[in-house]
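Take a look at the structure set out below.
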Amino acid sequence: MPLVYHPAGHDDALRVALEELEAGRWRTAKKLLLDTGTHWALRTSRTQMLAVAAARSDVVSVWLSEEPGSYDAQLMSARVAVERALRAHRQQHVHAWEFEAKARRESLLAANRAPYDPLPWVCLVTLAQIDTRQVRSEHRIVPAEPMLPHGPWSLLYEVNQRDPYNREAYHRVLQFLLDVEGPGGASLAAVFDFARWVASQRPVGSPLLLLPAYAQIEQRRRSRAEPLWRQQWAQDSTLGYTLSAFYEWFRKIPAELCSVADLSCLAYALWAGSQYLEAAEVFAAMGPYAAREPWASVHEGVTGPDPGEALLLRARAESFSYARSHGQRAGPHP
């Protein structure tokens with residue numbers, strides 16, 4: 001089965017809206033957000049992916065100029081501004097601070113216009129990633145949980161007041177903790193503490209059960225761990241979180257509501273932990289859709305022009321083969 005790398009995954013409506021945005025047309029995105037309503041998890045993921053696509057053009061600016069009274073247009077303008085600020089920061093653009101200032105202004109305008117909406121606050125949490133030295137006071141708040149480092153906890157609180165355990169907000173905080181520089185920076189141990197603390201607090205059905213797995217993968221990416229890396233996923237302390245994500249998240253909600261990124265992360269964690277039956281079930285739910293990560297970051301020892309994809313295909317084939325040998329039809333033949 002050929003792999004399809006598309007951020008929309010099973011979300012066909014989002015896929016169409018992304019294609020329209022890339023062609024310079026915004027009305028399909030407008031309808032998509034109208035139909036999404038206040039389904040916050042879906043609205044968060046859809047606006048984030050729409051912003052990534054729209055940041056390469058002026059399509060959202062055109063939408064806002066034609067419909068200045070549209071809150072969705074204003075929100076998307078803030079989302080796009082944040083995406084551009086992140087890109088300018090990563091590229092060390094000489095005017096990165098101007099992109100950040102514009103994104104902050106637009107996020108605050110959206111927050112004032114729609115006090116009920118968590119997404120402007122998600123935008124502000126995201127901008128904390130740029131403040132790697134924690135210059136702004138709202139990015140070095142003392143946490144209520146003693147084991148956690150200083151961080152943007154008041155901003156995260158605002159998100160939680162509107163949408164408890166918003167997936168993107170917590171992932172943004174994880175990235176913030178990983179990127180903080182200097183004496184205020186968080187150790188990898190503190191990052192793991194945060195991920196495990198979140199996983200222990202989250203409700204059943206939350207993709208945040210996967211946060212410890214994401215933290216583990218980030219450790220691999222940043223520290224270039226030893227060749228015995230895969231064995232770490234089979235350790236009880238790690239495997240317990242992986243299986244909790246499988247049974248308390250993946251098994252609790254329809255696969256079409258799971259992001260390709262999260263399914264890919266779970267499939268890798270299960271396969272690496274030698275949980276082949278469960279991994280086969282996740283691969284089957286993914287169908288043809290795939291994400292580049294975490295495979296692109298954990299492929300050492302695999303050869304070929306695209307070692308990340310080669311590892312993904314190997315893991316999928318091994319998982320399906322194991323499932324068939326145990327009398328279970330987990331999905332199509334790879």
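Residues in the structure tokens are named by chain (A, B, ... in the order shown) and by number from 1 within that chain; ligands are numbered from 1 in the order shown.
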Task: Contacts of Leu14 (chain A) within 10 Å, only C-alpha atoms, excl. fewer than 6 positions in-chain, as a PyMOL selection string - done: chain A and resi 7-8+20+28-29+32-33+45-47+49-50
Residue selection dump (N, CA, C and O atoms) as a short mmCIF file (atom, residue, chain, number, x, y, z; two decimals), in the first residue's frame:
```cif
data_model
loop_
_atom_site.label_atom_id
_atom_site.label_comp_id
_atom_site.auth_asym_id
_atom_site.auth_seq_id
_atom_site.Cartn_x
_atom_site.Cartn_y
_atom_site.Cartn_z
N PRO A 7 -1.18 16.24 5.83
CA PRO A 7 -1.52 16.57 7.21
C PRO A 7 -2.99 16.39 7.56
O PRO A 7 -3.33 16.19 8.72
N ALA A 8 -3.88 16.45 6.56
CA ALA A 8 -5.31 16.31 6.84
C ALA A 8 -5.70 14.88 7.18
O ALA A 8 -6.71 14.65 7.83
N GLU A 20 -7.84 24.58 -1.53
CA GLU A 20 -8.43 25.86 -1.97
C GLU A 20 -7.60 27.04 -1.47
O GLU A 20 -7.37 28.01 -2.20
N THR A 28 -13.95 28.18 1.06
CA THR A 28 -14.10 26.82 1.57
C THR A 28 -13.60 26.73 3.00
O THR A 28 -14.20 26.04 3.83
N ALA A 29 -12.51 27.43 3.31
CA ALA A 29 -12.02 27.47 4.69
C ALA A 29 -13.03 28.15 5.61
O ALA A 29 -13.26 27.70 6.75
N LEU A 32 -15.71 25.65 6.26
CA LEU A 32 -15.20 24.59 7.13
C LEU A 32 -15.22 25.03 8.60
O LEU A 32 -15.67 24.28 9.48
N LEU A 33 -14.76 26.23 8.89
CA LEU A 33 -14.73 26.71 10.28
C LEU A 33 -16.14 26.96 10.80
O LEU A 33 -16.42 26.73 11.99
N SER A 45 -7.10 21.94 15.69
CA SER A 45 -6.23 21.28 14.71
C SER A 45 -6.46 21.82 13.30
O SER A 45 -5.51 22.01 12.54
N ARG A 46 -7.72 22.09 12.97
CA ARG A 46 -7.99 22.58 11.62
C ARG A 46 -7.41 23.98 11.39
O ARG A 46 -6.79 24.24 10.35
N THR A 47 -7.58 24.88 12.35
CA THR A 47 -7.04 26.23 12.16
C THR A 47 -5.52 26.21 12.12
O THR A 47 -4.90 27.00 11.39
N MET A 49 -3.56 23.80 10.92
CA MET A 49 -3.12 23.32 9.61
C MET A 49 -3.47 24.32 8.51
O MET A 49 -2.71 24.50 7.55
N LEU A 50 -4.62 24.97 8.63
CA LEU A 50 -4.97 26.00 7.65
C LEU A 50 -3.96 27.15 7.70
O LEU A 50 -3.58 27.70 6.65
#
```
- [ ] Could you tell me, as a VMD selection string, which residues of region 57-267 of chain A DSSP assigns to helix (DSSP H, G or I) when given the backbone?
- [x] chain A and resid 59 to 66 71 to 90 96 to 113 119 to 130 137 to 139 153 to 162 167 to 179 182 to 184 188 to 201 207 to 223 229 to 232 236 to 250 255 to 257 260 to 267
- [ ] Tell me, as an MDAnalysis selection string, which residues lie within 10 Å of region 252-259 of chain A, counting only C-alpha atoms; anything in the same chain fewer than 5 positions away does not count.
- [x] chainID A and resid 7:12 41:42 45 204:207 245:247 264:265 282 284:286 290:291
Take the residues just selected and output them with all heavy atoms as a compact mmCIF listing (two decimals), in the first residue's frame.
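Saved to part.txt:
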```txt
# COMPACT_ATOMS: atom_id res chain seq x y z
N PRO A 7 -1.18 16.24 5.83
CA PRO A 7 -1.52 16.57 7.21
C PRO A 7 -2.99 16.39 7.56
O PRO A 7 -3.33 16.19 8.72
CB PRO A 7 -1.10 18.04 7.34
CG PRO A 7 -1.09 18.56 5.93
CD PRO A 7 -0.66 17.40 5.10
N ALA A 8 -3.88 16.45 6.56
CA ALA A 8 -5.31 16.31 6.84
C ALA A 8 -5.70 14.88 7.18
O ALA A 8 -6.71 14.65 7.83
CB ALA A 8 -6.13 16.80 5.65
N GLY A 9 -4.92 13.92 6.73
CA GLY A 9 -5.24 12.53 7.02
C GLY A 9 -6.64 12.17 6.54
O GLY A 9 -6.99 12.38 5.38
N HIS A 10 -7.45 11.64 7.46
CA HIS A 10 -8.80 11.21 7.11
C HIS A 10 -9.80 12.37 7.00
O HIS A 10 -10.96 12.14 6.65
CB HIS A 10 -9.32 10.23 8.17
CG HIS A 10 -8.51 8.96 8.26
ND1 HIS A 10 -8.61 7.95 7.33
CD2 HIS A 10 -7.60 8.54 9.18
CE1 HIS A 10 -7.80 6.96 7.67
NE2 HIS A 10 -7.16 7.30 8.77
N ASP A 11 -9.37 13.58 7.31
CA ASP A 11 -10.27 14.74 7.31
C ASP A 11 -10.41 15.29 5.89
O ASP A 11 -9.70 16.21 5.48
CB ASP A 11 -9.73 15.81 8.25
CG ASP A 11 -10.74 16.91 8.54
OD1 ASP A 11 -11.70 17.07 7.76
OD2 ASP A 11 -10.56 17.62 9.56
N ASP A 12 -11.34 14.71 5.13
CA ASP A 12 -11.50 15.09 3.73
C ASP A 12 -11.89 16.55 3.55
O ASP A 12 -11.44 17.22 2.62
CB ASP A 12 -12.54 14.19 3.06
CG ASP A 12 -12.09 12.73 2.98
OD1 ASP A 12 -10.87 12.50 2.94
OD2 ASP A 12 -12.96 11.84 2.99
N ALA A 41 -11.42 20.78 19.92
CA ALA A 41 -10.30 19.94 19.49
C ALA A 41 -10.15 19.99 17.97
O ALA A 41 -9.04 20.16 17.44
CB ALA A 41 -10.49 18.51 19.97
N LEU A 42 -11.28 19.86 17.28
CA LEU A 42 -11.25 19.88 15.82
C LEU A 42 -10.93 21.27 15.30
O LEU A 42 -10.16 21.43 14.34
CB LEU A 42 -12.61 19.40 15.28
CG LEU A 42 -12.68 19.00 13.81
CD1 LEU A 42 -11.65 17.92 13.47
CD2 LEU A 42 -14.09 18.53 13.46
N SER A 45 -7.10 21.94 15.69
CA SER A 45 -6.23 21.28 14.71
C SER A 45 -6.46 21.82 13.30
O SER A 45 -5.51 22.01 12.54
CB SER A 45 -6.45 19.76 14.75
OG SER A 45 -7.79 19.42 14.40
N VAL A 204 -9.84 10.38 30.11
CA VAL A 204 -9.84 9.27 29.15
C VAL A 204 -10.29 9.80 27.78
O VAL A 204 -11.19 10.64 27.69
CB VAL A 204 -10.77 8.14 29.63
CG1 VAL A 204 -10.98 7.10 28.54
CG2 VAL A 204 -10.21 7.49 30.89
N GLY A 205 -9.64 9.33 26.73
CA GLY A 205 -9.97 9.79 25.40
C GLY A 205 -9.14 10.96 24.92
O GLY A 205 -9.33 11.45 23.81
N SER A 206 -8.18 11.40 25.76
CA SER A 206 -7.35 12.55 25.39
C SER A 206 -6.08 12.10 24.69
O SER A 206 -5.37 11.21 25.19
CB SER A 206 -6.99 13.36 26.63
OG SER A 206 -6.01 14.34 26.31
N PRO A 207 -5.72 12.73 23.58
CA PRO A 207 -4.46 12.40 22.91
C PRO A 207 -3.24 12.81 23.73
O PRO A 207 -2.12 12.42 23.39
CB PRO A 207 -4.54 13.17 21.59
CG PRO A 207 -5.46 14.31 21.87
CD PRO A 207 -6.47 13.76 22.84
N ALA A 245 -2.03 4.99 26.37
CA ALA A 245 -2.46 5.76 25.21
C ALA A 245 -3.26 4.89 24.24
O ALA A 245 -4.25 5.33 23.66
CB ALA A 245 -1.25 6.36 24.50
N PHE A 246 -2.84 3.64 24.09
CA PHE A 246 -3.55 2.73 23.18
C PHE A 246 -4.95 2.43 23.69
O PHE A 246 -5.93 2.56 22.94
CB PHE A 246 -2.75 1.43 23.02
CG PHE A 246 -3.44 0.41 22.16
CD1 PHE A 246 -3.41 0.52 20.77
CD2 PHE A 246 -4.14 -0.65 22.71
CE1 PHE A 246 -4.05 -0.41 19.97
CE2 PHE A 246 -4.78 -1.59 21.92
CZ PHE A 246 -4.74 -1.47 20.54
N TYR A 247 -5.07 2.04 24.96
CA TYR A 247 -6.36 1.59 25.48
C TYR A 247 -7.27 2.75 25.91
O TYR A 247 -8.49 2.66 25.76
CB TYR A 247 -6.16 0.64 26.65
CG TYR A 247 -5.66 -0.72 26.23
CD1 TYR A 247 -4.33 -1.10 26.45
CD2 TYR A 247 -6.48 -1.61 25.56
CE1 TYR A 247 -3.85 -2.34 26.04
CE2 TYR A 247 -6.02 -2.85 25.14
CZ TYR A 247 -4.71 -3.20 25.38
OH TYR A 247 -4.24 -4.43 24.97
N SER A 264 0.74 8.03 14.13
CA SER A 264 2.09 7.64 13.75
C SER A 264 2.98 7.50 14.98
O SER A 264 3.75 6.55 15.09
CB SER A 264 2.67 8.68 12.79
OG SER A 264 3.91 8.26 12.26
N CYS A 265 2.85 8.43 15.91
CA CYS A 265 3.63 8.37 17.15
C CYS A 265 3.28 7.12 17.94
O CYS A 265 4.18 6.41 18.44
CB CYS A 265 3.37 9.62 17.97
SG CYS A 265 4.23 9.66 19.57
N VAL A 282 -3.15 -0.06 15.06
CA VAL A 282 -2.98 1.37 14.79
C VAL A 282 -2.60 1.60 13.33
O VAL A 282 -3.14 2.51 12.68
CB VAL A 282 -1.93 1.98 15.73
CG1 VAL A 282 -1.72 3.47 15.42
CG2 VAL A 282 -2.35 1.82 17.20
N ALA A 284 -3.41 -0.22 10.85
CA ALA A 284 -4.61 -0.46 10.07
C ALA A 284 -5.53 0.76 10.10
O ALA A 284 -6.13 1.14 9.09
CB ALA A 284 -5.35 -1.70 10.59
N ALA A 285 -5.64 1.39 11.27
CA ALA A 285 -6.47 2.59 11.39
C ALA A 285 -5.90 3.75 10.57
O ALA A 285 -6.66 4.58 10.06
CB ALA A 285 -6.59 3.00 12.86
N MET A 286 -4.60 3.80 10.44
CA MET A 286 -3.97 4.86 9.65
C MET A 286 -4.28 4.70 8.16
O MET A 286 -4.33 5.69 7.43
CB MET A 286 -2.45 4.85 9.87
CG MET A 286 -2.03 5.30 11.23
SD MET A 286 -0.26 4.99 11.57
CE MET A 286 0.52 6.04 10.34
N ALA A 290 0.24 8.68 6.42
CA ALA A 290 1.44 8.56 7.25
C ALA A 290 1.98 9.95 7.55
O ALA A 290 1.65 10.92 6.87
CB ALA A 290 2.50 7.73 6.54
N ALA A 291 2.79 10.02 8.61
CA ALA A 291 3.49 11.25 8.96
C ALA A 291 4.99 10.98 8.88
O ALA A 291 5.44 9.85 9.12
CB ALA A 291 3.11 11.69 10.37
```
Task: Surrounding residues of Glu83 (chain A) excluding itself and chain neighbours under 2 positions, 9 Å, only C-alpha atoms, as a PyMOL selection string - done: chain A and resi 48+51-52+55+78-81+85-88+103
Kindly export the residues of the current selection with N, CA and C atoms, as a short mmCIF file (atom, residue, chain, number, x, y, z; two decimals), in the first residue's frame.
```cif
data_model
loop_
_atom_site.label_atom_id
_atom_site.label_comp_id
_atom_site.auth_asym_id
_atom_site.auth_seq_id
_atom_site.Cartn_x
_atom_site.Cartn_y
_atom_site.Cartn_z
N GLN A 48 -4.91 25.32 12.88
CA GLN A 48 -3.45 25.25 12.87
C GLN A 48 -2.94 24.81 11.50
N ALA A 51 -3.50 27.49 8.91
CA ALA A 51 -2.54 28.59 9.05
C ALA A 51 -1.21 28.24 8.40
N VAL A 52 -0.77 27.00 8.54
CA VAL A 52 0.48 26.58 7.92
C VAL A 52 0.40 26.76 6.41
N ALA A 55 0.07 30.68 5.44
CA ALA A 55 1.18 31.57 5.77
C ALA A 55 2.06 31.87 4.57
N ALA A 78 -4.65 35.91 13.00
CA ALA A 78 -3.76 35.73 14.15
C ALA A 78 -2.99 34.43 14.03
N ARG A 79 -3.67 33.37 13.63
CA ARG A 79 -3.01 32.07 13.46
C ARG A 79 -1.88 32.16 12.43
N VAL A 80 -2.14 32.83 11.32
CA VAL A 80 -1.12 32.98 10.27
C VAL A 80 0.04 33.82 10.79
N ALA A 81 -0.26 34.88 11.51
CA ALA A 81 0.80 35.73 12.05
C ALA A 81 1.70 34.96 13.01
N ALA A 85 5.65 34.16 12.61
CA ALA A 85 6.59 34.53 13.68
C ALA A 85 7.47 33.35 14.05
N LEU A 86 6.88 32.15 14.12
CA LEU A 86 7.67 30.95 14.43
C LEU A 86 8.70 30.69 13.33
N ARG A 87 8.28 30.84 12.08
CA ARG A 87 9.21 30.60 10.97
C ARG A 87 10.34 31.62 10.99
N ALA A 88 10.03 32.89 11.25
CA ALA A 88 11.06 33.92 11.30
C ALA A 88 12.05 33.64 12.43
N ALA A 103 2.12 39.24 15.66
CA ALA A 103 1.35 38.05 16.06
C ALA A 103 0.74 38.24 17.44
#
```
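Minimum atom-to-atom distance to Ala323 (chain A), evaluated using only C-alpha atoms, belongs to A:Glu278 out of A:Glu181, A:Glu19, A:Glu106, A:Glu278.
Take the candidates A:Val125, A:Ala189, A:Val298, A:Leu210 and check each one against Val173 (chain A) using only C-alpha atoms; the shortest distance goes to A:Val125.
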TODO: For Tyr71 (chain A), please output as number ranges by chain all residues within 12 Å (counting only C-alpha atoms; exclusion window: fewer than 6 positions along the same chain).
DONE: A: 30, 33-34, 63-64, 77-78, 106-107, 109-115, 117, 119-120
